[in-house]
Each structure stands twice: as C-alpha cells, then as structure tokens.
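Dropping query22.pdb in here (PDB, C-alpha atoms):
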```
ATOM      1  CA  MET A   1      24.423   2.991   6.053
ATOM      2  CA  ASN A   2      23.189   1.346   2.885
ATOM      3  CA  ALA A   3      22.456  -1.943   4.694
ATOM      4  CA  ILE A   4      20.349  -0.105   7.256
ATOM      5  CA  ARG A   5      18.350   1.575   4.479
ATOM      6  CA  ILE A   6      17.764  -1.773   2.786
ATOM      7  CA  VAL A   7      16.519  -3.314   6.035
ATOM      8  CA  LEU A   8      14.227  -0.369   6.770
ATOM      9  CA  TYR A   9      12.700  -0.316   3.289
ATOM     10  CA  ALA A  10      12.286  -4.095   3.357
ATOM     11  CA  MET A  11      10.522  -3.830   6.719
ATOM     12  CA  ALA A  12       8.200  -1.162   5.302
ATOM     13  CA  VAL A  13       7.333  -3.400   2.353
ATOM     14  CA  LEU A  14       6.776  -6.457   4.536
ATOM     15  CA  SER A  15       4.649  -4.630   7.108
ATOM     16  CA  SER A  16       2.397  -3.053   4.487
ATOM     17  CA  LEU A  17       2.128  -6.417   2.718
ATOM     18  CA  ALA A  18       1.164  -8.068   6.009
ATOM     19  CA  CYS A  19      -1.532  -5.443   6.563
ATOM     20  CA  THR A  20      -2.815  -6.007   3.031
ATOM     21  CA  VAL A  21      -3.026  -9.771   3.502
ATOM     22  CA  LEU A  22      -4.699  -9.502   6.902
ATOM     23  CA  LEU A  23      -7.258  -6.984   5.667
ATOM     24  CA  PHE A  24      -8.195  -9.130   2.659
ATOM     25  CA  ARG A  25      -8.388 -12.225   4.878
ATOM     26  CA  GLY A  26     -10.725 -10.349   7.186
ATOM     27  CA  TYR A  27     -12.840  -9.288   4.243
ATOM     28  CA  ALA A  28     -13.004 -12.858   2.916
ATOM     29  CA  ARG A  29     -14.136 -14.085   6.311
ATOM     30  CA  TRP A  30     -16.614 -11.416   7.422
ATOM     31  CA  ARG A  31     -17.557  -9.633   4.155
ATOM     32  CA  ILE A  32     -17.274  -6.174   5.713
ATOM     33  CA  ARG A  33     -16.761  -3.845   2.772
ATOM     34  CA  LEU A  34     -14.610  -1.382   4.718
ATOM     35  CA  LEU A  35     -12.045  -4.167   5.087
ATOM     36  CA  MET A  36     -12.012  -4.530   1.308
ATOM     37  CA  TRP A  37     -11.474  -0.795   0.739
ATOM     38  CA  SER A  38      -8.756  -0.746   3.387
ATOM     39  CA  GLY A  39      -7.107  -3.785   1.781
ATOM     40  CA  ILE A  40      -7.091  -2.063  -1.601
ATOM     41  CA  CYS A  41      -5.590   1.020   0.021
ATOM     42  CA  PHE A  42      -2.828  -0.991   1.649
ATOM     43  CA  ALA A  43      -2.190  -2.815  -1.626
ATOM     44  CA  GLY A  44      -1.486   0.575  -3.177
ATOM     45  CA  LEU A  45       0.736   1.487  -0.242
ATOM     46  CA  THR A  46       2.593  -1.807  -0.638
ATOM     47  CA  VAL A  47       3.250  -1.046  -4.294
ATOM     48  CA  ASN A  48       4.337   2.430  -3.209
ATOM     49  CA  ASN A  49       6.859   0.947  -0.761
ATOM     50  CA  VAL A  50       8.201  -1.484  -3.363
ATOM     51  CA  VAL A  51       8.714   1.316  -5.882
ATOM     52  CA  LEU A  52      10.278   3.458  -3.135
ATOM     53  CA  PHE A  53      12.784   0.676  -2.488
ATOM     54  CA  LEU A  54      13.498   0.378  -6.203
ATOM     55  CA  ASP A  55      13.813   4.140  -6.548
ATOM     56  CA  LEU A  56      16.134   4.841  -3.637
ATOM     57  CA  VAL A  57      18.157   1.619  -3.341
ATOM     58  CA  ILE A  58      18.221  -0.267  -6.648
ATOM     59  CA  PHE A  59      17.967   2.586  -9.177
ATOM     60  CA  PRO A  60      19.137   5.747  -7.354
ATOM     61  CA  ASP A  61      19.957   7.535 -10.623
ATOM     62  CA  ILE A  62      16.435   7.174 -12.048
ATOM     63  CA  ASP A  63      13.624   9.371 -10.713
ATOM     64  CA  LEU A  64      10.618   7.131 -10.015
ATOM     65  CA  ARG A  65       8.745   9.716  -7.967
ATOM     66  CA  LEU A  66       5.644   9.646 -10.164
ATOM     67  CA  ALA A  67       5.572   5.842 -10.152
ATOM     68  CA  ARG A  68       5.783   6.001  -6.347
ATOM     69  CA  VAL A  69       3.036   8.537  -5.832
ATOM     70  CA  VAL A  70       0.403   7.135  -8.199
ATOM     71  CA  PRO A  71      -0.211   3.798  -6.379
ATOM     72  CA  ALA A  72      -0.384   5.519  -2.999
ATOM     73  CA  LEU A  73      -2.786   8.136  -4.339
ATOM     74  CA  ALA A  74      -4.947   5.471  -5.978
ATOM     75  CA  GLY A  75      -5.043   3.441  -2.765
ATOM     76  CA  MET A  76      -6.044   6.463  -0.710
ATOM     77  CA  ALA A  77      -8.680   7.375  -3.297
ATOM     78  CA  PHE A  78     -10.229   3.899  -2.998
ATOM     79  CA  LEU A  79     -10.269   4.183   0.785
ATOM     80  CA  LEU A  80     -11.831   7.642   0.601
ATOM     81  CA  TYR A  81     -14.459   6.317  -1.808
ATOM     82  CA  GLY A  82     -15.198   3.513   0.612
ATOM     83  CA  PHE A  83     -15.553   5.943   3.503
ATOM     84  CA  ILE A  84     -17.820   8.370   1.674
ATOM     85  CA  TRP A  85     -19.976   6.441  -0.774
ATOM     86  CA  ASP A  86     -20.060   2.960   0.695
ATOM     87  CA  ALA A  87     -21.180   3.892   4.206
ATOM     88  CA  GLU A  88     -23.924   1.748   5.612
TER      89      GLU A  88
END
```

How does the structure come out when it is put into structure tokens?
Amino acid sequence: MNAIRIVLYAMAVLSSLACTVLLFRGYARWRIRLLMWSGICFAGLTVNNVVLFLDLVIFPDIDLRLARVVPALAGMAFLLYGFIWDAE
C-alpha cells in the first residue's frame, strides 16, 4: 500500500512539473502572457504536490497542511490575476 502511494504522489509531482516546464517553454518561445501565468500557477501546484508527498509519506506525524495549501493558493491567485487583469 505504501509503495503505491509513493508511486502515485511521485507521478503527481512529475506530471505537474512537466506541465510547468512545458508552459514556461511555451512562454519563452511565443511570449504569450497567459502561458506565463499558467506556468506560475503550475509551479505553485508542483510545490504543493512536493509538500503533499513530504507530508503524507516522509513526515506523516507532522501536519504540513498550511505549507501545502499556501503554494497552491498563491499559484491559483497568480492565474486568476492573469485572467482578470492581464486580458488583452
């Protein structure tokens, strides 16, 4: 059971990291600002997934809920800012 959890959390981290890299590569190539805001959002989600892995697998006795939620909230806030205020 624990090995399955490790694989699933690792896959979540790797997939969100891949999205982050691809979004920033797209922004570097085409300079579309929505790609930048989406990349920042996925960077926050990647940090969220890493801290989730640390919280539930590595340090199960320590509550890292706040450290998990803050990067995800910050990433979503950047994306929301990009949607609302940076519309062309």

Sorted per-residue table, region 9-31 of chain A near region 51-55 of chain A, closest atoms and distance, 9 Å, all atoms listed in the file, as a tab-separated table:
```
residue	atom	partner	partner_atom	distance
A:Tyr9	CA	A:Phe53	CA	5.9
A:Ala10	CA	A:Phe53	CA	7.6
A:Val13	CA	A:Phe53	CA	8.4
```

Output C-alpha atoms for every residue in that selection, as a JSON list (two decimals), keeping the file's coordinate frame.
```json
[["chain", "number", "residue", "atom", "x", "y", "z"],
["A", 9, "TYR", "CA", 12.70, -0.32, 3.29],
["A", 10, "ALA", "CA", 12.29, -4.10, 3.36],
["A", 13, "VAL", "CA", 7.33, -3.40, 2.35]]
```

Point-to-point distance in Å for CA of Leu79 (chain A) and CA of Trp37 (chain A): 5.1 Å

Residues matched by the PyMOL selection byres ((chain A and resi 42) around 12) as a ChimeraX atom specification: /A:12-24,35-41,43-49,71-79

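Taking CA of Ile6 (chain A) and CA of Val50 (chain A) as endpoints, the distance between them is 11.4 Å.
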
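Relative to CA of Trp30 (chain A), CA of Met11 (chain A) is found at 28.2 Å.
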
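Distances from A:Val69, A:Val57, A:Leu34, A:Ile4 to Asp86 (chain A) were compared using all atoms listed in the file, and the smallest one belongs to A:Leu34.
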
Of the listed residues A:Gly82, A:Leu64, A:Phe59, A:Val7, that which approaches Arg33 (chain A) most closely, counting all atoms listed in the file: A:Gly82
